[in-house]
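Enquirer: So I've got this file, coords26.txt, and it contains compact mmCIF, C-alpha atoms:
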```txt
# COMPACT_ATOMS: atom_id res chain seq x y z
CA MET Z 1 -28.46 2.06 -17.87
CA ASN Z 2 -24.91 3.43 -17.96
CA LYS Z 3 -26.21 6.97 -18.00
CA ILE Z 4 -28.40 6.29 -14.97
CA ILE Z 5 -25.45 4.98 -12.96
CA ILE Z 6 -23.23 7.90 -13.99
CA SER Z 7 -25.84 10.54 -13.16
CA LEU Z 8 -26.63 8.83 -9.86
CA LEU Z 9 -22.94 8.93 -8.90
CA LEU Z 10 -22.62 12.60 -9.90
CA LEU Z 11 -25.80 13.59 -8.07
CA CYS Z 12 -24.82 11.73 -4.90
CA GLY Z 13 -21.34 13.27 -5.04
CA THR Z 14 -22.59 16.84 -5.39
CA PHE Z 15 -25.22 16.25 -2.71
CA PHE Z 16 -22.56 15.09 -0.27
CA VAL Z 17 -20.30 18.04 -1.08
CA ILE Z 18 -23.18 20.50 -0.55
CA SER Z 19 -24.17 18.81 2.72
CA GLY Z 20 -20.57 19.00 3.87
CA SER Z 21 -20.45 22.72 3.10
CA ILE Z 22 -23.72 23.31 4.95
CA GLY Z 23 -22.28 21.34 7.85
CA ILE Z 24 -19.16 23.52 7.87
CA LEU Z 25 -21.35 26.61 8.04
CA ARG Z 26 -23.70 25.32 10.69
CA PHE Z 27 -21.53 23.43 13.17
CA PRO Z 28 -20.37 25.39 16.21
CA ASP Z 29 -16.59 24.92 16.60
CA ILE Z 30 -13.54 23.97 14.57
CA TYR Z 31 -13.46 20.30 15.60
CA THR Z 32 -17.06 19.56 14.67
CA ARG Z 33 -16.58 21.51 11.44
CA LEU Z 34 -13.62 19.33 10.56
CA HIS Z 35 -15.91 16.30 10.91
CA ALA Z 36 -18.07 17.69 8.12
CA ALA Z 37 -15.12 18.82 6.01
CA THR Z 38 -13.27 15.49 6.01
CA LYS Z 39 -15.97 12.86 5.72
CA ALA Z 40 -18.70 14.31 3.56
CA ALA Z 41 -16.36 16.15 1.20
CA THR Z 42 -14.12 13.10 0.74
CA LEU Z 43 -16.95 10.82 -0.30
CA GLY Z 44 -18.53 13.58 -2.41
CA VAL Z 45 -15.40 14.27 -4.43
CA ALA Z 46 -14.73 10.54 -4.78
CA GLY Z 47 -18.26 10.07 -6.16
CA VAL Z 48 -17.86 12.87 -8.72
CA LEU Z 49 -14.47 11.55 -9.87
CA LEU Z 50 -15.83 8.02 -10.16
CA GLY Z 51 -18.75 9.33 -12.24
CA ALA Z 52 -16.33 11.15 -14.55
CA PHE Z 53 -14.21 7.98 -14.85
CA LEU Z 54 -17.22 5.85 -15.84
CA PHE Z 55 -18.39 8.51 -18.30
CA LEU Z 56 -15.02 8.61 -20.06
CA TYR Z 57 -14.92 4.82 -20.15
CA PHE Z 58 -18.42 4.24 -21.53
CA GLU Z 59 -18.53 7.16 -23.96
CA ASN Z 60 -14.96 7.30 -25.29
CA GLY Z 61 -13.46 4.01 -24.18
CA ILE Z 62 -10.68 5.79 -22.28
CA ILE Z 63 -9.46 4.30 -19.02
CA SER Z 64 -8.38 7.43 -17.19
CA GLY Z 65 -5.89 6.45 -14.52
CA LYS Z 66 -5.55 10.03 -13.30
CA LEU Z 67 -9.09 10.05 -11.91
CA ILE Z 68 -8.51 6.85 -9.94
CA LEU Z 69 -5.23 8.28 -8.63
CA GLY Z 70 -7.12 11.43 -7.64
CA ILE Z 71 -9.56 9.38 -5.56
CA ILE Z 72 -6.73 7.52 -3.82
CA PHE Z 73 -4.82 10.72 -3.06
CA ILE Z 74 -7.92 12.39 -1.63
CA LEU Z 75 -8.57 9.37 0.58
CA ILE Z 76 -4.99 9.55 1.86
CA THR Z 77 -4.62 13.31 2.31
CA ALA Z 78 -8.00 14.34 3.77
CA PRO Z 79 -7.61 12.60 7.16
CA VAL Z 80 -3.96 13.69 7.45
CA SER Z 81 -4.82 17.35 6.90
CA ALA Z 82 -7.75 17.13 9.31
CA HIS Z 83 -5.45 15.61 11.92
CA MET Z 84 -2.87 18.37 11.46
CA ILE Z 85 -5.45 21.19 11.55
CA SER Z 86 -7.16 19.89 14.69
CA ARG Z 87 -3.84 19.24 16.41
CA ALA Z 88 -2.57 22.73 15.59
CA ALA Z 89 -5.86 24.21 16.79
CA HIS Z 90 -5.71 22.33 20.07
CA GLN Z 91 -2.09 23.26 20.71
CA THR Z 92 -2.70 26.95 20.09
CA GLY Z 93 -5.55 26.81 22.55
CA VAL Z 94 -8.71 26.96 20.47
CA LYS Z 95 -11.64 26.33 22.81
CA LEU Z 96 -14.09 23.48 22.32
CA TRP Z 97 -17.79 24.17 21.95
CA GLU Z 98 -19.48 25.17 25.22
CA HIS Z 99 -21.66 22.03 25.22
CA SER Z 100 -18.61 19.77 25.02
CA VAL Z 101 -18.44 17.35 27.91
CA ARG Z 102 -14.83 16.17 28.21
CA ASP Z 103 -11.33 17.10 27.12
CA GLU Z 104 -8.94 14.33 28.08
CA LEU Z 105 -6.14 15.69 25.90
CA ALA Z 106 -5.95 18.97 27.84
CA ARG Z 107 -6.12 17.03 31.12
CA ASP Z 108 -3.26 14.72 30.14
CA GLN Z 109 -1.15 17.56 28.86
CA GLU Z 110 -1.51 19.42 32.14
CA GLU Z 111 -0.55 16.29 34.05
CA HIS Z 112 2.49 15.98 31.82
CA LYS Z 113 3.48 19.59 32.51
CA ALA Z 114 2.98 19.13 36.25
CA LYS Z 115 5.36 16.14 36.19
CA ILE Z 116 8.10 18.20 34.57
CA MET A 1 6.09 -13.25 0.98
CA THR A 2 8.48 -11.47 -1.40
CA LEU A 3 9.95 -14.85 -2.36
CA GLN A 4 6.51 -16.12 -3.32
CA ILE A 5 5.73 -13.05 -5.43
CA ILE A 6 9.07 -13.36 -7.25
CA LEU A 7 8.40 -17.07 -7.88
CA ASN A 8 4.97 -16.20 -9.22
CA ILE A 9 6.37 -13.59 -11.62
CA LEU A 10 9.04 -16.09 -12.74
CA ILE A 11 6.38 -18.69 -13.51
CA ALA A 12 4.45 -16.08 -15.49
CA GLY A 13 7.59 -15.22 -17.50
CA LEU A 14 8.23 -18.90 -18.12
CA TRP A 15 4.70 -19.32 -19.41
CA MET A 16 5.24 -16.37 -21.75
CA PHE A 17 8.41 -17.98 -23.20
CA LEU A 18 6.70 -21.37 -23.53
CA ASN A 19 3.86 -19.78 -25.50
CA GLU A 20 6.21 -17.59 -27.52
CA SER A 21 3.73 -14.74 -27.41
CA TYR A 22 4.99 -11.78 -25.46
CA ASN A 23 1.99 -9.69 -24.47
CA PHE A 24 0.16 -8.78 -21.34
CA LEU A 25 -2.59 -11.38 -21.75
CA THR A 26 -0.22 -14.36 -21.75
CA PHE A 27 1.66 -12.87 -18.82
CA PHE A 28 -1.63 -12.61 -16.93
CA THR A 29 -2.57 -16.22 -17.74
CA GLY A 30 0.85 -17.31 -16.58
CA TYR A 31 0.41 -15.35 -13.37
CA LEU A 32 -2.91 -17.08 -12.68
CA ILE A 33 -1.28 -20.48 -13.32
CA GLY A 34 1.56 -19.49 -10.98
CA MET A 35 -0.99 -18.64 -8.28
CA ALA A 36 -2.57 -22.08 -8.63
CA LEU A 37 0.84 -23.82 -8.59
CA LEU A 38 1.92 -21.94 -5.47
CA PHE A 39 -1.40 -22.82 -3.85
CA PHE A 40 -0.93 -26.53 -4.46
CA LEU A 41 2.74 -26.47 -3.44
CA ARG A 42 2.21 -24.26 -0.40
CA ARG A 43 3.51 -26.96 1.95
CA PHE A 44 6.98 -26.76 0.38
CA VAL A 45 7.35 -22.97 0.12
CA PRO A 46 8.34 -21.01 3.23
CA ASP A 47 5.81 -18.66 4.90
CA ALA A 48 2.05 -18.68 4.57
CA TYR A 49 0.38 -18.47 1.18
CA TYR A 50 0.69 -14.83 0.15
CA LEU A 51 -2.79 -14.40 -1.33
CA GLU A 52 -4.25 -14.92 2.15
CA ARG A 53 -2.57 -11.73 3.19
CA ALA A 54 -3.73 -10.01 0.01
CA TRP A 55 -7.26 -11.07 0.90
CA LYS A 56 -6.87 -9.54 4.36
CA ILE A 57 -5.71 -6.24 2.86
CA LEU A 58 -8.72 -6.31 0.56
CA SER A 59 -11.12 -6.91 3.42
CA LEU A 60 -9.54 -4.00 5.32
CA ILE A 61 -10.20 -1.74 2.31
CA ILE A 62 -13.81 -2.95 2.06
CA LEU A 63 -14.34 -2.31 5.79
CA PHE A 64 -12.91 1.18 5.31
CA ILE A 65 -15.23 2.05 2.41
CA LYS A 66 -18.26 0.78 4.34
CA GLU A 67 -17.38 2.91 7.37
CA LEU A 68 -16.74 5.95 5.16
CA ILE A 69 -20.22 5.74 3.62
CA LEU A 70 -21.84 5.26 7.05
CA SER A 71 -20.00 8.24 8.53
CA THR A 72 -20.91 10.50 5.64
CA TRP A 73 -24.54 9.54 6.12
CA ASN A 74 -24.33 10.47 9.81
CA ILE A 75 -22.80 13.87 9.02
CA VAL A 76 -25.44 14.59 6.38
CA LYS A 77 -28.17 13.80 8.89
CA LEU A 78 -26.60 16.13 11.45
CA ALA A 79 -26.11 18.92 8.91
CA TYR A 80 -29.82 19.10 8.13
CA GLN A 81 -31.06 18.75 11.70
CA PRO A 82 -32.81 21.95 12.82
CA LYS A 83 -31.15 21.86 16.24
CA LEU A 84 -27.80 20.34 17.03
CA ASP A 85 -28.23 18.25 20.17
CA VAL A 86 -24.92 16.42 20.49
CA GLN A 87 -22.27 16.40 23.20
CA PRO A 88 -18.84 16.54 21.57
CA GLY A 89 -15.62 15.96 23.46
CA ILE A 90 -12.11 14.55 23.29
CA PHE A 91 -11.38 11.11 24.71
CA ALA A 92 -8.24 9.00 24.98
CA LEU A 93 -7.90 5.64 23.22
CA PRO A 94 -5.12 3.34 24.47
CA THR A 95 -3.67 1.39 21.56
CA GLU A 96 -1.58 -1.76 21.35
CA LEU A 97 -0.11 -1.02 17.94
CA LYS A 98 3.62 -0.34 17.94
CA SER A 99 5.19 0.83 14.70
CA ASN A 100 4.76 4.27 13.11
CA TRP A 101 3.16 2.77 10.04
CA GLU A 102 0.42 0.99 11.99
CA ILE A 103 -0.41 4.02 14.12
CA THR A 104 -0.63 6.28 11.06
CA LEU A 105 -3.01 3.82 9.42
CA LEU A 106 -5.17 3.57 12.55
CA ALA A 107 -5.34 7.37 12.98
CA ASN A 108 -6.36 7.82 9.35
CA LEU A 109 -9.01 5.11 9.60
CA ILE A 110 -10.39 6.70 12.77
CA SER A 111 -10.61 10.08 11.06
CA LEU A 112 -12.81 8.70 8.32
CA THR A 113 -15.17 6.63 10.49
CA PRO A 114 -18.49 7.71 11.98
CA GLY A 115 -18.35 10.46 14.58
CA THR A 116 -14.64 10.34 15.35
CA LEU A 117 -11.63 12.46 14.38
CA SER A 118 -8.09 11.81 15.60
CA VAL A 119 -6.65 14.97 17.16
CA SER A 120 -3.29 13.98 18.56
CA VAL A 121 -0.96 11.08 19.33
CA SER A 122 0.83 11.03 22.69
CA GLU A 123 4.62 11.25 22.64
CA ASP A 124 5.19 7.64 23.71
CA TYR A 125 2.81 6.36 20.99
CA THR A 126 0.54 4.59 23.47
CA THR A 127 -2.54 6.80 23.30
CA ILE A 128 -4.49 8.37 20.48
CA TYR A 129 -6.70 11.35 21.38
CA ILE A 130 -9.95 11.34 19.49
CA HIS A 131 -12.57 14.03 19.09
CA ALA A 132 -16.03 12.47 19.12
CA MET A 133 -19.19 14.08 17.80
CA ASP A 134 -21.37 12.49 20.46
CA MET A 135 -19.81 11.43 23.74
CA PRO A 136 -22.42 9.28 25.56
CA ASP A 137 -21.62 6.15 23.59
CA VAL A 138 -17.85 6.41 23.98
CA GLU A 139 -17.30 3.02 25.66
CA GLU A 140 -19.05 1.34 22.77
CA GLU A 141 -16.98 3.38 20.33
CA ILE A 142 -13.69 2.36 21.97
CA ASN A 143 -14.70 -1.29 21.88
CA GLU A 144 -15.70 -1.05 18.25
CA ILE A 145 -12.42 0.58 17.19
CA LYS A 146 -10.46 -2.00 19.20
CA ASN A 147 -12.35 -4.95 17.79
CA SER A 148 -12.70 -3.99 14.15
CA PHE A 149 -9.84 -1.70 13.11
CA GLU A 150 -7.04 -2.69 15.42
CA ARG A 151 -7.59 -6.35 14.73
CA ALA A 152 -7.83 -5.83 10.98
CA ILE A 153 -4.60 -3.81 10.94
CA MET A 154 -2.80 -6.38 13.09
CA GLU A 155 -3.84 -9.17 10.74
CA VAL A 156 -2.37 -7.28 7.81
CA THR A 157 0.91 -6.23 9.39
CA ARG A 158 1.80 -9.24 11.55
```
Could you render the structure as structure tokens?

Expert:
Amino acid sequence: MNKIIISLLLLCGTFFVISGSIGILRFPDIYTRLHAATKAATLGVAGVLLGAFLFLYFENGIISGKLILGIIFILITAPVSAHMISRAAHQTGVKLWEHSVRDELARDQEEHKAKI
Amino acid sequence: MTLQIILNILIAGLWMFLNESYNFLTFFTGYLIGMALLFFLRRFVPDAYYLERAWKILSLIILFIKELILSTWNIVKLAYQPKLDVQPGIFALPTELKSNWEITLLANLISLTPGTLSVSVSEDYTTIYIHAMDMPDVEEEINEIKNSFERAIMEVTR
């Protein structure tokens, strides 16, 4: 039973990481790619780490705090880095995908400039 | 809240001395007893019972994990679709949250929820700009963020 849970976690984790990578390759522009990079990869890595944690606990009786800390740090850092990358991209003028419908940030920034 | 936690730890220490066994298990039992005592005496201690707030933090974390799994599922579905028929775009979300801490938390939560990614925060901290994977249901999205996340964060911090 333990082994089934552990292998399920590992398989789900690797599946999510692979799907995230395929998403990064297939999506059209940097913003949609970041969607794939942050969400799928975060959950994938968290799943793999959780599987490793359970394995160490059931097989060797070790409670490995480092793995839990790793999950927490990934959950904290992934959205921050995505925010910074997308913000930097938008400020240096990376275009959105041609099928994008709206860009309220660019509109507001131009209004701001016009006021000054 | 800090006063209640300190009281609780004091009760746990007292229990340890009464039992004359100084290990983690007795401390833990004492802590549980302290929780119960504080619960029964909550009329006489200032502020609301602190475990209520702990419960709210826990429910925020559970909400977050649920949304993370849902969003990953959405991305996986999109990644394997033969043709990408979405309309991405950036929209503005007016927020009522004030302090830096709350806005950081909200932006991070938005980044890890289905179909949204926070791109920028306006200089006066009143608007968060969000990149959405699929624009047509933006009104619904704004309402959902306002109702679920903003309220959950407010309950924790205020």

Enquirer: Give as a compact mmCIF listing (two decimals) with C-alpha atoms, in the coordinates of the input the set of residues within 12 Å of the point (10.9, -20.6, 4.7), where distances use the file's coordinates and all atoms listed in the file.

Expert:
```txt
# COMPACT_ATOMS: atom_id res chain seq x y z
CA MET A 1 6.09 -13.25 0.98
CA THR A 2 8.48 -11.47 -1.40
CA LEU A 3 9.95 -14.85 -2.36
CA GLN A 4 6.51 -16.12 -3.32
CA ARG A 42 2.21 -24.26 -0.40
CA ARG A 43 3.51 -26.96 1.95
CA PHE A 44 6.98 -26.76 0.38
CA VAL A 45 7.35 -22.97 0.12
CA PRO A 46 8.34 -21.01 3.23
CA ASP A 47 5.81 -18.66 4.90
CA ALA A 48 2.05 -18.68 4.57
CA TYR A 49 0.38 -18.47 1.18
```

Enquirer: Excluding region 60-76 of chain A and any residue of its chain fewer than 2 positions from it, enumerate the residues within 8 Å of it, using all atoms listed in the file, and give them as a PyMOL selection string.

Expert: (chain Z and resi 16+19-20+23+35-36+39-40+43) or (chain A and resi 56-58+78-80+109+112-115+152-153)

Enquirer: Which polymer residues have any atom within 12 Å of an atom of Ala46 (chain Z), counting all atoms listed in the file, with same-chain residues fewer than 2 positions away left out, as a compact mmCIF listing (two decimals) with C-alpha atoms, in the coordinates of the input?

Expert:
```
# COMPACT_ATOMS: atom_id res chain seq x y z
CA LEU Z 9 -22.94 8.93 -8.90
CA LEU Z 10 -22.62 12.60 -9.90
CA LEU Z 11 -25.80 13.59 -8.07
CA CYS Z 12 -24.82 11.73 -4.90
CA GLY Z 13 -21.34 13.27 -5.04
CA THR Z 14 -22.59 16.84 -5.39
CA PHE Z 16 -22.56 15.09 -0.27
CA VAL Z 17 -20.30 18.04 -1.08
CA THR Z 38 -13.27 15.49 6.01
CA LYS Z 39 -15.97 12.86 5.72
CA ALA Z 40 -18.70 14.31 3.56
CA ALA Z 41 -16.36 16.15 1.20
CA THR Z 42 -14.12 13.10 0.74
CA LEU Z 43 -16.95 10.82 -0.30
CA GLY Z 44 -18.53 13.58 -2.41
CA VAL Z 48 -17.86 12.87 -8.72
CA LEU Z 49 -14.47 11.55 -9.87
CA LEU Z 50 -15.83 8.02 -10.16
CA GLY Z 51 -18.75 9.33 -12.24
CA ALA Z 52 -16.33 11.15 -14.55
CA PHE Z 53 -14.21 7.98 -14.85
CA LEU Z 67 -9.09 10.05 -11.91
CA ILE Z 68 -8.51 6.85 -9.94
CA LEU Z 69 -5.23 8.28 -8.63
CA GLY Z 70 -7.12 11.43 -7.64
CA ILE Z 71 -9.56 9.38 -5.56
CA ILE Z 72 -6.73 7.52 -3.82
CA PHE Z 73 -4.82 10.72 -3.06
CA ILE Z 74 -7.92 12.39 -1.63
CA LEU Z 75 -8.57 9.37 0.58
CA ILE Z 76 -4.99 9.55 1.86
CA ALA Z 78 -8.00 14.34 3.77
CA ILE A 65 -15.23 2.05 2.41
CA LEU A 68 -16.74 5.95 5.16
CA ILE A 69 -20.22 5.74 3.62
```

Enquirer: In Å to one decimal, how far is CA of Glu155 (chain A) from CA of Met35 (chain A)?

Expert: 21.4 Å

Enquirer: When the cut-off is 6 Å and we count only C-alpha atoms, which residues of chain A are near chain Z, given as a PyMOL selection string?

Expert: chain A and resi 72+76+79+87-91+108+111-112+118-120

Enquirer: In Å to one decimal, how far is CA of Ile128 (chain A) from CA of Glu110 (chain Z)?

Expert: 16.3 Å

Enquirer: Could you give me, as a ChimeraX atom specification, the residues within 10 Å of Lys146 (chain A), counting all atoms listed in the file and dropping anything in the same chain fewer than 5 positions from it?

Expert: /A:93-96,140-141,151-152

Enquirer: For C-alpha atoms, I'd like the residues from the last selection saved as a short mmCIF file (atom, residue, chain, number, x, y, z; two decimals), keeping the file's coordinate frame.

Expert:
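Contents of result_17.cif, freshly written:
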```cif
data_model
loop_
_atom_site.label_atom_id
_atom_site.label_comp_id
_atom_site.auth_asym_id
_atom_site.auth_seq_id
_atom_site.Cartn_x
_atom_site.Cartn_y
_atom_site.Cartn_z
CA LEU A 93 -7.90 5.64 23.22
CA PRO A 94 -5.12 3.34 24.47
CA THR A 95 -3.67 1.39 21.56
CA GLU A 96 -1.58 -1.76 21.35
CA GLU A 140 -19.05 1.34 22.77
CA GLU A 141 -16.98 3.38 20.33
CA ARG A 151 -7.59 -6.35 14.73
CA ALA A 152 -7.83 -5.83 10.98
#
```

Enquirer: What is the CA of Ala54 (chain A)-CA of Tyr31 (chain A) distance in Å, reported with one decimal?

Expert: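 About the pair CA of Ala54 (chain A) and CA of Tyr31 (chain A): they are 15.0 Å apart.
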
Enquirer: Which of these residues is nearest to Leu18 (chain A), using all atoms listed in the file: A:Phe40, A:Thr116, A:Gly30, A:Ile103?

Expert: A:Gly30

Enquirer: Using only C-alpha atoms, which of Z:Met1, Z:Arg33, Z:Glu111, Z:Lys95 sits nearest Phe55 (chain Z)?

Expert: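 For Phe55 (chain Z), the nearest of the candidates is Z:Met1.
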